[in-house]
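Worksheet for the structure shown next.
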Amino acid sequence: MQTRQLLSDGTQVGAIGLGCMSFGGFYGPTSEKEAHETLAVALDLGVTYLDTANIYGGGVSESFMGSFFKGNTRDFKIATKASISSDPETGARCFNNRPEHLRAELEKSLNRLTLERVDLFYIHRRDPDIPIEDVMGTLAELKHEGKIGGIGFSEISPASLKRACAVGTVDAVQNEYSLWSRMPDLGLIEACKTLGVSFVPFSPLGRGIFAKEAPDPSTFEDVDFRKNNPRFVEPNFSHNVKTLQPFKEFAADHNLSPAALALAWCLAQGDHLIPIPGTRTRQHLQELASGADITMTDEILKQIDELLPVGWAHGDRYSRAQWFGPEGYC
């Protein structure tokens with residue numbers, strides 16, 4: 001697989017990474033065995049960037065990865081995240097960017113991952129009460145101590161990124177981005193390119209909507225993020241499935257899977273993009289990795305834009321309850 005630069009020190013990873021949220025049961029039950037099989041295939045395919053977080057399954061994703069690593073990441077580069085927490089009095093979700101919290105959560109993550117260091121550590125969501133400049137100071141200390149190799153932020157705005165970069169080196173920004181979630185086109189992708197920051201699209205396949213067969217919302221379990229997501233409830237869901245059909249036929253005409261084509265489109269938006277689709281199975285990962293081998297042409301990109309113009313999806317990407325934390329900027 002082709003490689004791309006992840007960190008400012010030149011660290012390279014496979015152009016397509018693996019989001020490990022599914023290992024935590026976010027979209028249904030999984031197992032340690034299944035996770036290990038997927039990780040083994042990832043190595044064979046050159047999918048060397050793994051992205052997880054402390055909250056995925058309450059640490060289950062990190063634990064499954066740690067039992068695979070056993071202290072040796074081999075060729076993998078590992079990213080994890082922290083800062084999403086719960087108010088001790090009300091139990092409500094909140095964001096904690098205080099130094100003591102980030103340090104404590106990082107130590108827990110390292111223990112679960114069986115590692116002494118992660119290659120990249122993200123602030124999962126910003127705490128609006130703490131200046132990003134102060135957060136950068138905390139992360140710089142962790143990097144100096146050798147506990148993290150690089151600094152990242154998730155779901156931040158171009159303005160916040162510029163403030164952070166004025167203090168020190170930011171290696172990566174992770175925001176949702178795909179053919180049906182295009183907000184980063186309005187300044188964030190360009191800001192990352194200008195500042196020399198990798199841009200890591202999560203959910204680049206629209207949480208399964210770009211699969212050959214559309215997911216069936218009636219099968220979603222209560223824990224499934226999509227169960228109450230606006231794009232997966234009616235009448236939005238039927239509209240989105242219908243609108244996607246010509247794109248899927250276009251992919252088939254080119255002997256491609258729609259998921260692989262959607263990832264190839266994502267890679268074509270800039271050489272600093274490293275999408276991280278998620279999957280629980282080795283078979284699906286093989287399909288996704290093939291997206292890095294697709295040669296995109298101006299004509300193909302033009303036809304995709306005609307089939308799926310910006311703003312085509314019905315329904316917002318989050319419900320009101322889910323929309324808590326991402327920074328707006330437009």
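By order of appearance in the structure tokens: chains A, B, ..., then residues from 1 within every chain, and ligands from 1 in the order shown.
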Expected answer as a count of residues only: alpha helix (DSSP H) residues in stretch 255-330 of chain A: 28
Who sits within 8 Å of A:Ile274, only C-alpha atoms, same chain under 5 positions skipped, as a VMD selection string: chain A and resid 4 6 15 to 17 198 to 201 267
Restrict the selected residues to N, CA and C atoms and save them as a compact mmCIF listing (two decimals), in the first residue's frame.
```txt
# COMPACT_ATOMS: atom_id res chain seq x y z
N ARG A 4 1.58 7.56 3.50
CA ARG A 4 1.45 9.00 3.65
C ARG A 4 2.03 9.41 5.00
N LEU A 6 2.12 10.84 8.56
CA LEU A 6 1.20 11.06 9.67
C LEU A 6 1.69 12.12 10.63
N ALA A 15 -1.76 4.57 3.52
CA ALA A 15 -2.65 5.68 3.16
C ALA A 15 -4.05 5.50 3.73
N ILE A 16 -4.47 4.27 3.96
CA ILE A 16 -5.74 3.98 4.61
C ILE A 16 -5.44 3.34 5.96
N GLY A 17 -5.99 3.92 7.02
CA GLY A 17 -5.80 3.38 8.35
C GLY A 17 -7.02 2.58 8.78
N SER A 198 -1.53 16.66 9.27
CA SER A 198 -2.28 15.58 8.63
C SER A 198 -3.76 15.72 8.96
N PHE A 199 -4.61 15.40 7.99
CA PHE A 199 -6.05 15.42 8.23
C PHE A 199 -6.55 13.98 8.15
N VAL A 200 -7.17 13.53 9.24
CA VAL A 200 -7.60 12.14 9.37
C VAL A 200 -9.12 12.07 9.36
N PRO A 201 -9.74 11.73 8.24
CA PRO A 201 -11.20 11.61 8.18
C PRO A 201 -11.69 10.37 8.90
N LEU A 267 -9.10 9.97 -0.57
CA LEU A 267 -7.65 10.11 -0.74
C LEU A 267 -7.32 11.16 -1.80
```
Selection near A:Met183, 12 Å with only C-alpha atoms, sequence-local residues under 6 positions removed, as an NGL selection string: :A and (155-158 or 175-177 or 189-190 or 201 or 310-311 or 316-317 or 326-330)
Near-stretch 210-218 of chain A list (7 Å; only C-alpha atoms; drop same-chain fewer than 4 positions) as a PyMOL selection string: chain A and resi 205-206+227+232+241+257-259
Output N, CA and C atoms for every residue in that selection, as a compact mmCIF listing (two decimals), in the first residue's frame.
```txt
# COMPACT_ATOMS: atom_id res chain seq x y z
N LEU A 205 -16.87 6.31 5.40
CA LEU A 205 -17.86 5.51 4.66
C LEU A 205 -19.26 5.70 5.21
N GLY A 206 -19.48 6.81 5.90
CA GLY A 206 -20.82 7.15 6.35
C GLY A 206 -21.45 6.11 7.25
N LYS A 227 -28.93 4.16 15.50
CA LYS A 227 -30.35 3.92 15.78
C LYS A 227 -31.16 5.21 15.82
N PHE A 232 -30.28 7.99 9.41
CA PHE A 232 -30.69 6.59 9.36
C PHE A 232 -32.14 6.38 9.80
N VAL A 241 -30.67 6.24 0.63
CA VAL A 241 -30.41 4.98 -0.07
C VAL A 241 -30.70 5.14 -1.56
N SER A 257 -15.96 -1.76 -5.63
CA SER A 257 -16.99 -1.70 -4.61
C SER A 257 -17.24 -0.24 -4.28
N PRO A 258 -18.46 0.13 -3.90
CA PRO A 258 -18.74 1.53 -3.57
C PRO A 258 -17.91 2.02 -2.40
N ALA A 259 -17.61 1.16 -1.43
CA ALA A 259 -16.80 1.57 -0.29
C ALA A 259 -15.38 1.90 -0.72
```
Per-residue DSSP, stretch 171-215 of chain A, filtered to strand (DSSP E or B), as a list in words: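 Here are the strand (DSSP E or B) residues of stretch 171-215 of chain A: Ala172, Val173, Gln174, Asn175, Glu176, Ser178, Ser181, Ser198, Phe199, Val200, Pro201 and Phe202 of chain A.
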Selection near stretch 97-111 of chain A, 7 Å with only C-alpha atoms, sequence-local residues under 5 positions removed, as a ChimeraX atom specification: /A:54,62,82-83,116-117,126-127,130,135,138
Selection above as a file: N, CA and C atoms, as an mmCIF file, in the first residue's frame:
```cif
data_model
loop_
_atom_site.group_PDB
_atom_site.id
_atom_site.type_symbol
_atom_site.label_atom_id
_atom_site.label_comp_id
_atom_site.auth_asym_id
_atom_site.auth_seq_id
_atom_site.Cartn_x
_atom_site.Cartn_y
_atom_site.Cartn_z
ATOM 1 N N ASN A 54 -10.002 5.886 24.577
ATOM 2 C CA ASN A 54 -10.249 5.286 25.897
ATOM 3 C C ASN A 54 -11.715 4.938 26.113
ATOM 4 N N GLU A 62 -9.124 -0.813 23.317
ATOM 5 C CA GLU A 62 -7.701 -0.760 23.669
ATOM 6 C C GLU A 62 -7.231 -2.097 24.244
ATOM 7 N N ALA A 82 -8.326 11.026 24.534
ATOM 8 C CA ALA A 82 -8.916 11.195 25.862
ATOM 9 C C ALA A 82 -9.526 12.584 25.946
ATOM 10 N N SER A 83 -10.380 12.752 26.930
ATOM 11 C CA SER A 83 -11.004 14.035 27.333
ATOM 12 C C SER A 83 -12.510 13.927 27.494
ATOM 13 N N GLU A 116 4.362 1.586 26.421
ATOM 14 C CA GLU A 116 4.920 2.669 27.218
ATOM 15 C C GLU A 116 4.757 4.013 26.521
ATOM 16 N N ARG A 117 4.288 3.956 25.266
ATOM 17 C CA ARG A 117 4.207 5.180 24.464
ATOM 18 C C ARG A 117 3.219 4.944 23.333
ATOM 19 N N ARG A 126 -12.658 19.261 22.716
ATOM 20 C CA ARG A 126 -12.137 20.396 23.461
ATOM 21 C C ARG A 126 -13.029 20.758 24.643
ATOM 22 N N ASP A 127 -12.387 21.105 25.730
ATOM 23 C CA ASP A 127 -13.059 21.678 26.895
ATOM 24 C C ASP A 127 -13.090 23.184 26.685
ATOM 25 N N ILE A 130 -11.079 25.699 28.954
ATOM 26 C CA ILE A 130 -9.620 25.702 29.054
ATOM 27 C C ILE A 130 -9.035 26.161 27.723
ATOM 28 N N VAL A 135 -3.794 23.643 26.839
ATOM 29 C CA VAL A 135 -3.849 22.213 26.519
ATOM 30 C C VAL A 135 -2.596 21.808 25.738
ATOM 31 N N THR A 138 0.192 21.094 28.089
ATOM 32 C CA THR A 138 0.105 19.765 28.700
ATOM 33 C C THR A 138 0.601 18.695 27.738
#
```
7 Å contact set for A:Ser178, only C-alpha atoms, chain neighbours under 3 positions out, as a list of chain:residue names: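 Answer for this query is A:Ser181, A:Arg182, A:Ser203, A:Pro204, A:Leu205, A:Gly206, A:Cys266.
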Point-to-point distance in Å for atom CA of A:Thr295 and atom CA of A:Leu18: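 One can read the atom CA of A:Leu18 to atom CA of A:Thr295 distance as 20.9 Å.
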Using only C-alpha atoms, which residues sit within 10 Å of stretch 42-47 of chain A once same-chain residues fewer than 3 positions away are excluded, as a short mmCIF file (atom, residue, chain, number, x, y, z; two decimals) with C-alpha atoms, in the first residue's frame?
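Done, and the output landed in out_15.cif:
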```
data_model
loop_
_atom_site.label_atom_id
_atom_site.label_comp_id
_atom_site.auth_asym_id
_atom_site.auth_seq_id
_atom_site.Cartn_x
_atom_site.Cartn_y
_atom_site.Cartn_z
CA MET A 1 0.00 0.00 0.00
CA GLN A 2 1.13 3.55 -0.69
CA THR A 3 2.14 5.50 2.41
CA VAL A 13 1.72 5.02 7.58
CA GLY A 14 -0.46 3.22 5.07
CA ALA A 15 -2.65 5.68 3.16
CA ILE A 16 -5.74 3.98 4.61
CA GLY A 17 -5.80 3.38 8.35
CA LEU A 18 -8.15 1.44 10.59
CA HIS A 36 -7.13 -10.08 16.48
CA GLU A 37 -7.91 -11.61 13.09
CA THR A 38 -8.64 -8.15 11.69
CA LEU A 39 -5.41 -6.72 13.11
CA LEU A 50 -4.62 2.17 14.12
CA ARG A 74 5.40 -4.37 15.18
CA ASP A 75 4.83 -2.05 12.20
CA PHE A 76 1.69 -0.40 13.58
CA LYS A 77 1.51 3.26 14.56
CA ILE A 276 -9.69 5.58 8.90
CA ARG A 282 -10.86 -9.15 8.06
CA LEU A 285 -10.87 -4.75 5.65
CA GLN A 286 -9.46 -6.37 2.53
CA LEU A 288 -11.47 -1.28 2.10
CA ALA A 289 -7.71 -1.47 1.65
CA SER A 290 -8.21 -1.87 -2.10
#
```
Nearest to A:Thr80 by atom-to-atom distance, counting only C-alpha atoms, from A:His124, A:Arg93, A:Lys147, A:His314: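 Using only C-alpha atoms, A:Thr80 sits closest to A:His124.
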